[in-house]
Each structure stands twice: as structure tokens, then as C-alpha cells.
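Enquirer: Supplied structure: my_file-v6.txt, compact mmCIF, C-alpha atoms.
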```
# COMPACT_ATOMS: atom_id res chain seq x y z
CA MET A 774 9.34 44.49 54.15
CA LYS A 775 11.92 46.43 52.29
CA LEU A 776 11.92 46.05 48.55
CA ARG A 777 15.06 46.76 46.60
CA SER A 778 13.88 48.15 43.36
CA ARG A 779 17.33 48.24 41.73
CA ASP A 780 17.89 44.52 42.23
CA ASN A 781 14.47 43.69 40.89
CA HIS A 782 15.16 45.71 37.78
CA ASP A 783 18.40 43.84 37.26
CA THR A 784 16.77 40.45 37.56
CA ASN A 785 14.09 41.39 35.05
CA GLU A 786 16.63 42.44 32.46
CA ASN A 787 18.80 39.44 33.06
CA ASN A 788 15.82 37.17 32.48
CA MET A 789 15.36 38.65 29.05
CA LEU A 790 18.81 37.54 27.90
CA PRO A 791 18.05 33.87 27.09
CA LEU A 792 15.03 35.00 25.08
CA VAL A 793 17.12 37.48 23.16
CA ASN A 794 19.73 34.80 22.54
CA ILE A 795 17.19 32.41 21.11
CA ILE A 796 15.63 35.08 18.92
CA PHE A 797 19.07 36.00 17.62
CA LEU A 798 19.78 32.36 16.84
CA LEU A 799 16.47 31.99 15.00
CA LEU A 800 17.18 35.16 13.08
CA ILE A 801 20.62 33.94 12.04
CA PHE A 802 19.17 30.53 11.09
CA PHE A 803 16.53 32.04 8.80
CA MET A 804 19.04 34.45 7.30
CA ILE A 805 21.51 31.70 6.47
CA ALA A 806 19.34 28.66 5.76
CA GLY A 807 16.60 30.27 3.75
CA VAL A 808 16.59 31.91 0.39
CA ILE A 809 14.56 35.02 -0.11
CA GLN A 810 12.70 34.47 -3.31
CA LYS A 811 9.25 34.43 -4.65
CA GLN A 812 7.47 31.19 -3.89
CA LYS A 813 7.12 29.34 -7.16
CA GLU A 814 3.51 29.00 -8.14
CA LEU A 815 2.75 25.30 -8.43
CA TYR A 816 -1.01 25.48 -9.03
CA GLN A 817 -1.73 22.83 -6.40
CA VAL A 818 0.39 20.35 -8.27
CA ASP A 819 2.07 18.12 -5.74
CA LEU A 820 5.39 17.32 -7.40
CA GLY A 821 6.91 13.87 -7.14
CA LYS A 822 9.89 13.58 -4.84
CA ALA A 823 13.20 12.68 -6.43
CA THR A 824 16.66 14.19 -6.34
CA ILE A 825 18.10 13.70 -9.77
CA ASP A 826 19.82 16.67 -11.41
CA LYS A 827 20.26 20.18 -10.14
CA TYR A 828 17.31 22.41 -10.79
CA VAL A 829 18.25 25.34 -12.98
CA GLU A 830 16.10 28.38 -12.45
CA LYS A 831 15.45 29.88 -15.87
CA LYS A 832 12.66 31.12 -18.01
CA ILE A 833 11.33 28.07 -19.74
CA ASN A 834 7.93 27.04 -21.04
CA THR A 835 6.34 24.96 -18.33
CA ILE A 836 3.36 22.63 -18.43
CA PHE A 837 1.73 21.79 -15.12
CA VAL A 838 -0.15 18.51 -15.24
CA ASP A 839 -2.41 17.79 -12.29
CA ASP A 840 -3.38 14.27 -11.24
CA ASP A 841 -6.73 14.58 -13.04
CA GLY A 842 -4.90 15.48 -16.24
CA SER A 843 -5.81 19.19 -16.20
CA LEU A 844 -3.15 21.32 -17.82
CA ILE A 845 -1.71 24.74 -17.16
CA PHE A 846 0.70 26.06 -19.72
CA ASN A 847 2.63 29.24 -18.89
CA ASP A 848 0.09 30.34 -16.25
CA GLU A 849 -2.91 29.69 -18.51
CA PRO A 850 -5.23 26.71 -18.03
CA ILE A 851 -5.62 24.93 -21.33
CA ALA A 852 -7.71 22.05 -22.58
CA PHE A 853 -5.97 18.81 -23.44
CA ASP A 854 -7.19 19.00 -27.03
CA ASP A 855 -5.59 22.44 -27.47
CA LEU A 856 -2.17 21.41 -26.17
CA GLY A 857 -0.87 20.50 -29.63
CA LYS A 858 -1.94 23.85 -31.07
CA VAL A 859 -0.51 25.81 -28.17
CA ILE A 860 2.82 24.00 -28.34
CA ALA A 861 2.95 24.45 -32.10
CA ASN A 862 2.70 28.22 -31.62
CA ILE A 863 5.44 28.69 -29.06
CA LYS A 864 8.66 30.31 -30.18
CA ASN A 865 11.27 28.41 -28.23
CA LYS A 866 10.79 24.74 -28.99
CA SER A 867 14.20 23.65 -27.80
CA GLU A 868 13.26 23.08 -24.18
CA LEU A 869 10.14 22.44 -22.16
CA MET A 870 9.53 21.67 -18.51
CA ILE A 871 6.82 19.33 -17.26
CA ALA A 872 5.73 19.74 -13.66
CA ALA A 873 3.58 16.69 -13.08
CA ASP A 874 1.65 15.70 -10.00
CA LYS A 875 3.05 12.65 -8.20
CA GLU A 876 -0.29 10.87 -8.56
CA LEU A 877 -0.47 11.42 -12.31
CA SER A 878 -0.84 8.10 -14.10
CA ALA A 879 1.63 6.99 -16.72
CA PHE A 880 -1.30 6.80 -19.13
CA ARG A 881 -1.96 10.52 -18.87
CA LEU A 882 1.73 11.39 -18.90
CA ASN A 883 2.01 9.33 -22.05
CA GLN A 884 -0.77 11.34 -23.70
CA VAL A 885 1.01 14.61 -22.95
CA LEU A 886 4.41 13.28 -24.02
CA LEU A 887 2.98 11.99 -27.30
CA ILE A 888 1.82 15.48 -28.19
CA LEU A 889 5.18 16.96 -27.25
CA ALA A 890 7.02 14.33 -29.27
CA LYS A 891 4.89 15.18 -32.31
CA GLN A 892 5.71 18.87 -31.90
CA ASP A 893 9.41 18.09 -32.04
CA ILE A 894 10.40 19.47 -28.67
CA LYS A 895 14.12 18.79 -28.39
CA LYS A 896 14.58 18.60 -24.66
CA ILE A 897 11.93 17.76 -22.12
CA PHE A 898 12.62 18.20 -18.43
CA ILE A 899 10.60 16.81 -15.57
CA MET A 900 10.49 18.96 -12.49
CA THR A 901 10.57 17.23 -9.12
CA SER A 902 10.63 18.24 -5.54
CA LYS A 903 13.94 17.49 -3.87
CA ASN A 904 14.04 14.70 -1.30
CA ASP A 905 14.62 15.88 2.24
CA MET B 171 31.67 55.24 38.34
CA ILE B 172 28.01 54.61 37.65
CA MET B 173 27.42 51.97 35.01
CA LYS B 174 24.53 53.00 32.85
CA LYS B 175 22.35 50.03 31.98
CA ILE B 176 21.48 49.70 28.31
CA ASN B 177 17.79 49.34 27.69
CA LEU B 178 17.33 46.15 25.68
CA THR B 179 13.69 46.60 24.74
CA PRO B 180 14.17 48.54 21.44
CA ILE B 181 16.76 46.08 20.16
CA ILE B 182 14.46 43.17 20.97
CA ASP B 183 11.70 44.93 19.05
CA VAL B 184 13.90 45.37 16.00
CA VAL B 185 15.19 41.81 16.15
CA PHE B 186 11.64 40.51 16.42
CA ILE B 187 10.63 42.45 13.35
CA LEU B 188 13.67 41.16 11.45
CA LEU B 189 12.87 37.63 12.58
CA ILE B 190 9.28 37.88 11.40
CA PHE B 191 10.44 39.32 8.07
CA PHE B 192 12.91 36.51 7.46
CA MET B 193 10.42 33.85 8.56
CA LEU B 194 7.86 35.09 6.07
CA ALA B 195 10.19 35.90 3.20
CA THR B 196 12.33 32.79 3.29
CA ASN B 197 11.63 29.94 1.01
CA PHE B 198 12.83 26.43 1.70
CA GLN B 199 11.26 24.95 -1.40
CA ASP B 200 13.89 23.07 -3.33
CA PHE B 201 13.50 21.51 -6.73
CA SER B 202 15.32 19.02 -8.84
CA GLN B 203 14.93 18.20 -12.48
CA THR B 204 15.72 15.52 -14.97
CA ASP B 205 15.73 15.59 -18.72
CA ILE B 206 13.91 12.75 -20.36
CA GLU B 207 14.51 11.20 -23.70
CA LEU B 208 11.49 9.64 -25.28
CA SER B 209 11.51 6.33 -26.99
CA SER B 210 8.84 5.68 -29.57
CA GLU B 211 8.50 4.55 -33.15
CA SER B 212 9.02 8.10 -34.34
CA SER B 213 12.15 8.66 -32.31
CA LYS B 214 15.08 9.34 -34.57
CA SER B 215 17.78 8.90 -31.99
CA MET B 216 17.15 5.18 -31.64
CA SER B 217 19.54 2.81 -33.22
CA SER B 218 19.01 -0.92 -33.58
CA ASP B 219 22.74 -1.63 -33.06
CA LYS B 220 22.56 -0.75 -29.40
CA LYS B 221 21.78 -3.24 -26.72
CA MET B 222 18.29 -2.66 -25.46
CA TYR B 223 17.12 -3.09 -21.92
CA VAL B 224 13.36 -2.71 -21.71
CA VAL B 225 12.31 -2.35 -18.10
CA ASN B 226 8.59 -2.73 -17.47
CA VAL B 227 7.38 -1.16 -14.27
CA ASP B 228 4.14 -2.37 -12.75
CA LYS B 229 1.87 -0.71 -10.25
CA ASP B 230 2.64 -3.28 -7.55
CA ASN B 231 6.37 -2.53 -7.76
CA SER B 232 7.17 -5.56 -9.87
CA TYR B 233 9.66 -5.19 -12.66
CA LYS B 234 10.35 -6.99 -15.86
CA LEU B 235 13.51 -6.86 -17.90
CA ASN B 236 12.76 -7.74 -21.51
CA ASP B 237 9.58 -9.56 -20.41
CA GLU B 238 11.34 -11.54 -17.69
CA ASN B 239 10.22 -11.00 -14.11
CA LEU B 240 13.23 -9.90 -12.09
CA HIS B 241 14.02 -8.05 -8.92
CA ILE B 242 15.03 -4.43 -9.47
CA ASN B 243 18.52 -5.14 -8.08
CA ASP B 244 19.04 -7.96 -10.60
CA ILE B 245 17.87 -5.67 -13.39
CA LYS B 246 20.33 -3.02 -12.29
CA ALA B 247 23.11 -5.60 -12.03
CA LYS B 248 22.44 -6.81 -15.59
CA ILE B 249 22.44 -3.28 -16.95
CA LEU B 250 25.56 -2.41 -15.01
CA THR B 251 27.46 -5.25 -16.68
CA SER B 252 26.87 -3.41 -19.96
CA VAL B 253 27.92 -0.14 -18.37
CA ARG B 254 31.14 -1.74 -17.10
CA ARG B 255 31.90 -3.33 -20.45
CA GLU B 256 31.31 0.07 -22.03
CA GLU B 257 28.86 -1.44 -24.46
CA GLU B 258 26.51 0.86 -26.26
CA HIS B 259 23.19 0.34 -24.60
CA LEU B 260 19.85 1.95 -23.97
CA VAL B 261 17.56 1.50 -21.03
CA VAL B 262 13.90 2.04 -21.79
CA ILE B 263 11.61 2.48 -18.82
CA LYS B 264 8.11 1.40 -19.77
CA PRO B 265 5.63 2.13 -17.03
CA ASP B 266 2.30 0.38 -16.96
CA ASP B 267 -0.72 2.64 -17.55
CA ASP B 268 -1.74 2.89 -13.91
CA VAL B 269 1.74 3.47 -12.52
CA ASN B 270 1.95 6.89 -10.95
CA MET B 271 4.50 9.59 -11.55
CA GLN B 272 6.19 9.08 -8.18
CA LEU B 273 7.10 5.50 -9.01
CA ILE B 274 8.47 6.48 -12.43
CA LEU B 275 10.59 9.17 -10.83
CA SER B 276 11.79 6.84 -8.09
CA VAL B 277 12.89 4.29 -10.67
CA MET B 278 14.68 6.96 -12.69
CA GLU B 279 16.35 8.29 -9.55
CA ASP B 280 17.38 4.80 -8.53
CA PHE B 281 18.89 4.07 -11.96
CA LYS B 282 20.72 7.39 -12.15
CA ASN B 283 22.11 6.90 -8.65
CA SER B 284 23.41 3.51 -9.79
CA ASN B 285 25.27 5.15 -12.68
CA ILE B 286 22.80 3.99 -15.31
CA ASN B 287 22.49 7.01 -17.50
CA ASN B 288 21.21 6.08 -20.94
CA LEU B 289 17.62 6.22 -19.82
CA LEU B 290 14.66 6.60 -22.10
CA LEU B 291 11.03 6.83 -21.20
CA GLY B 292 8.94 4.58 -23.37
CA ILE B 293 5.85 6.23 -24.82
CA LYS B 294 3.09 4.40 -26.56
CA ASP B 295 2.40 5.77 -29.98
CA ASP B 296 -1.19 4.82 -30.44
CA ASN B 297 -3.20 7.10 -32.70
CA LYS B 298 -6.44 5.28 -32.06
CA GLN B 299 -6.30 6.22 -28.43
CA LYS B 300 -8.83 9.01 -28.38
CA THR B 301 -10.32 8.69 -24.93
CA ASP B 302 -9.58 11.73 -22.88
CA TYR B 303 -10.28 10.07 -19.58
CA TYR B 304 -8.53 6.97 -18.46
CA ASP B 305 -10.68 3.89 -18.55
CA PRO B 306 -8.87 0.73 -17.41
CA THR B 307 -11.22 -1.50 -19.42
CA SER B 308 -10.25 0.21 -22.66
CA ARG B 309 -6.56 -0.52 -22.21
CA LYS B 310 -4.83 -1.93 -25.18
CA THR B 311 -3.10 -5.21 -24.60
CA LYS B 312 -0.83 -4.75 -27.59
CA ALA B 313 2.73 -4.04 -26.54
CA PRO B 314 4.08 -0.74 -27.86
CA LYS B 315 6.67 -1.02 -30.56
CA ILE B 316 10.18 -0.03 -29.72
CA LEU B 317 13.01 0.03 -32.17
CA GLY B 318 16.04 -2.06 -31.46
CA LYS B 319 16.65 -5.62 -30.54
CA PRO B 320 15.82 -6.82 -27.05
CA VAL B 321 18.70 -8.42 -25.19
CA GLN B 322 18.46 -12.17 -24.93
```
Write out the structure in this file as C-alpha cells.
Expert:
Amino acid sequence: MKLRSRDNHDTNENNMLPLVNIIFLLLIFFMIAGVIQKQKELYQVDLGKATIDKYVEKKINTIFVDDDGSLIFNDEPIAFDDLGKVIANIKNKSELMIAADKELSAFRLNQVLLILAKQDIKKIFIMTSKND
Amino acid sequence: MIMKKINLTPIIDVVFILLIFFMLATNFQDFSQTDIELSSESSKSMSSDKKMYVVNVDKDNSYKLNDENLHINDIKAKILTSVRREEEHLVVIKPDDDVNMQLILSVMEDFKNSNINNLLLGIKDDNKQKTDYYDPTSRKTKAPKILGKPVQ
């Protein structure tokens, strides 16, 4: 049997084209649809889903409240009893962000908000995960 | 004329590497936020002249408007009459102790989507409440005080 090497070569290369097309499409999709940025550290807090106002990325004091009520303030785990003291010592009291777990009870949220209200925080934001 | 075939392998290699880079570096995480006003005895922004809508939210998705059991749509309709009449009003969302964050957010989202904007989150100002961990049996039955007159 006579093999035609040239034709075989052609077929092999032609078969690669759909693959290349798909890879190109995937590449373009990720380049356009995604945003290259550092993944925001959420400390295992599963944010509640709600699309309310636009999230503004800025440096702001943030309290993470997990469903068991454990607190992380500006990357540092803190005890609930110390929250008042910690908040009292921060410089910028105009704004504060709360990133609360979706399973957090209103009772615990209330405890945190009471402390913030006593410390005269002017604007409190709640961070949520956008609905799909 | 002999057509020289271009070797595709190096370009596929590069595209693969770019693809892997973009797949790893891209972030689809998207956030939203809402600012909350707190309503409590100590709140200075409260005024008794405004019409008050106190919406109680229960764990089993039941709602009360000024202590009257109503469907959420009826509550929204009542509040929207105030919005349409351009009356000064405040809507206080008072979640029950065991309501979770997701439900509070869903209610707030629902209200904001229905053009109800003067939302406040009711907080209970109870100094005696010292327990760090939630114990349902220790719940106070006393209703938290809120300034303003409830709507009849």
C-alpha cells in the first residue's frame, strides 16, 4: 500500500484548527468577561445574596461577622467584647462596612450594630454578593 | 510556487499559556452593597412627625405591618401609597431574633426594587442583654422602643 505522507500531514494540521478556534474563543471570553484583580479575602464568610447598590471598591474599615458571631476587623480576629474599644480607636469613623454571613442571626447582627451605633459611626454599609 | 505551511504548534502553545493565565487570574466575584440607617431610641435622625411603617419580619417568612399580619405585597402597596402621595415616611424593618441575614437582605432588596427607599433597620437597645451566645429561651418579649407614631 502506498502512503501519501504529504496528505496525512495536511489532515493532521487541519484537524487542529477547531481546537485552536475553541481555545481562542475561551481566551477571548476570559479576557473580556473577567476582571484581573486580587480575590477579595472573605475569611470563609458566605455573604448574603442581594443586588442593591453598586459596590464601590475603596479602602474602608470592614468587619467580617461569621455565622457563629466571630469577628474579624481589618484582617485581625477580635473578640466581641473588644469590638467597642477597637471601633473607638479607629481614625475614620465616617464609614464602616459590615460583611456578614448569610446565616448570621438578626440577634447577633443587632449586637454588633448596637456597638457601632454607640460609637457614632455615621454610615454603615452591608456588603452582599451580587445575584447571578 | 510552493506554499510553505505555517507550523501551528508554537502558537497553540502560547495561546494555551495565555488561556491558563487568564483562567487563573480572572475574578468573577461581584459584590453589591447597601447603606443602612439604624433606628433605635438613641437615633437622632428620627422624627415623630413622619409616618412610621414598622415591618416585622419573622423566620417563617411572615410579615407584620404595625403589628398587623399582612402579605408582603400588601405591605409594599400600603407603603407605596405614602411614596406616591409624597408623604414623609419611614420604613423600619424589624427582624425577629432568629431571622437570618439572607432574609433581611432579601426584604431590603425587595423594598428598594419597589422604590421604597426610606428604609431603617430596627435595632433593639437593650443594655441588660449581656449574653454573648444566643439562647432562644432568654429572649425578651418586650417590644423594642421606636420613636415616632405607628400608622393606624
Enquirer: Specify as an MDAnalysis selection string all residues of chain B found within 7 Å of chain A, counting all atoms listed in the file.
Expert: chainID B and resid 182 189 192:193 195:198 200:206 265:272 275:276 279 293:295
Enquirer: Please measure the separation of atom CA of Ile851 of chain A and atom CA of Ile833 of chain A, giving the value in Å to one decimal.
Expert: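 That distance, rounded to one decimal, is 17.3 Å.
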Enquirer: Atom CA of Lys229 of chain B to atom CA of Ile836 of chain A: how many Å, to one decimal?
Expert: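 Separation between atom CA of Lys229 of chain B and atom CA of Ile836 of chain A: 24.8 Å.
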Enquirer: What gap, in Å, lies between atom CA of Asn287 of chain B and atom CA of Lys234 of chain B?
Expert: 18.6 Å
Enquirer: Using all atoms listed in the file, can you tell me which of A:Gln892, A:Asn794, A:Asn834, A:Leu815 comes closest to Gly857 of chain A?
Expert: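 Closest to Gly857 of chain A, using all atoms listed in the file: A:Gln892.
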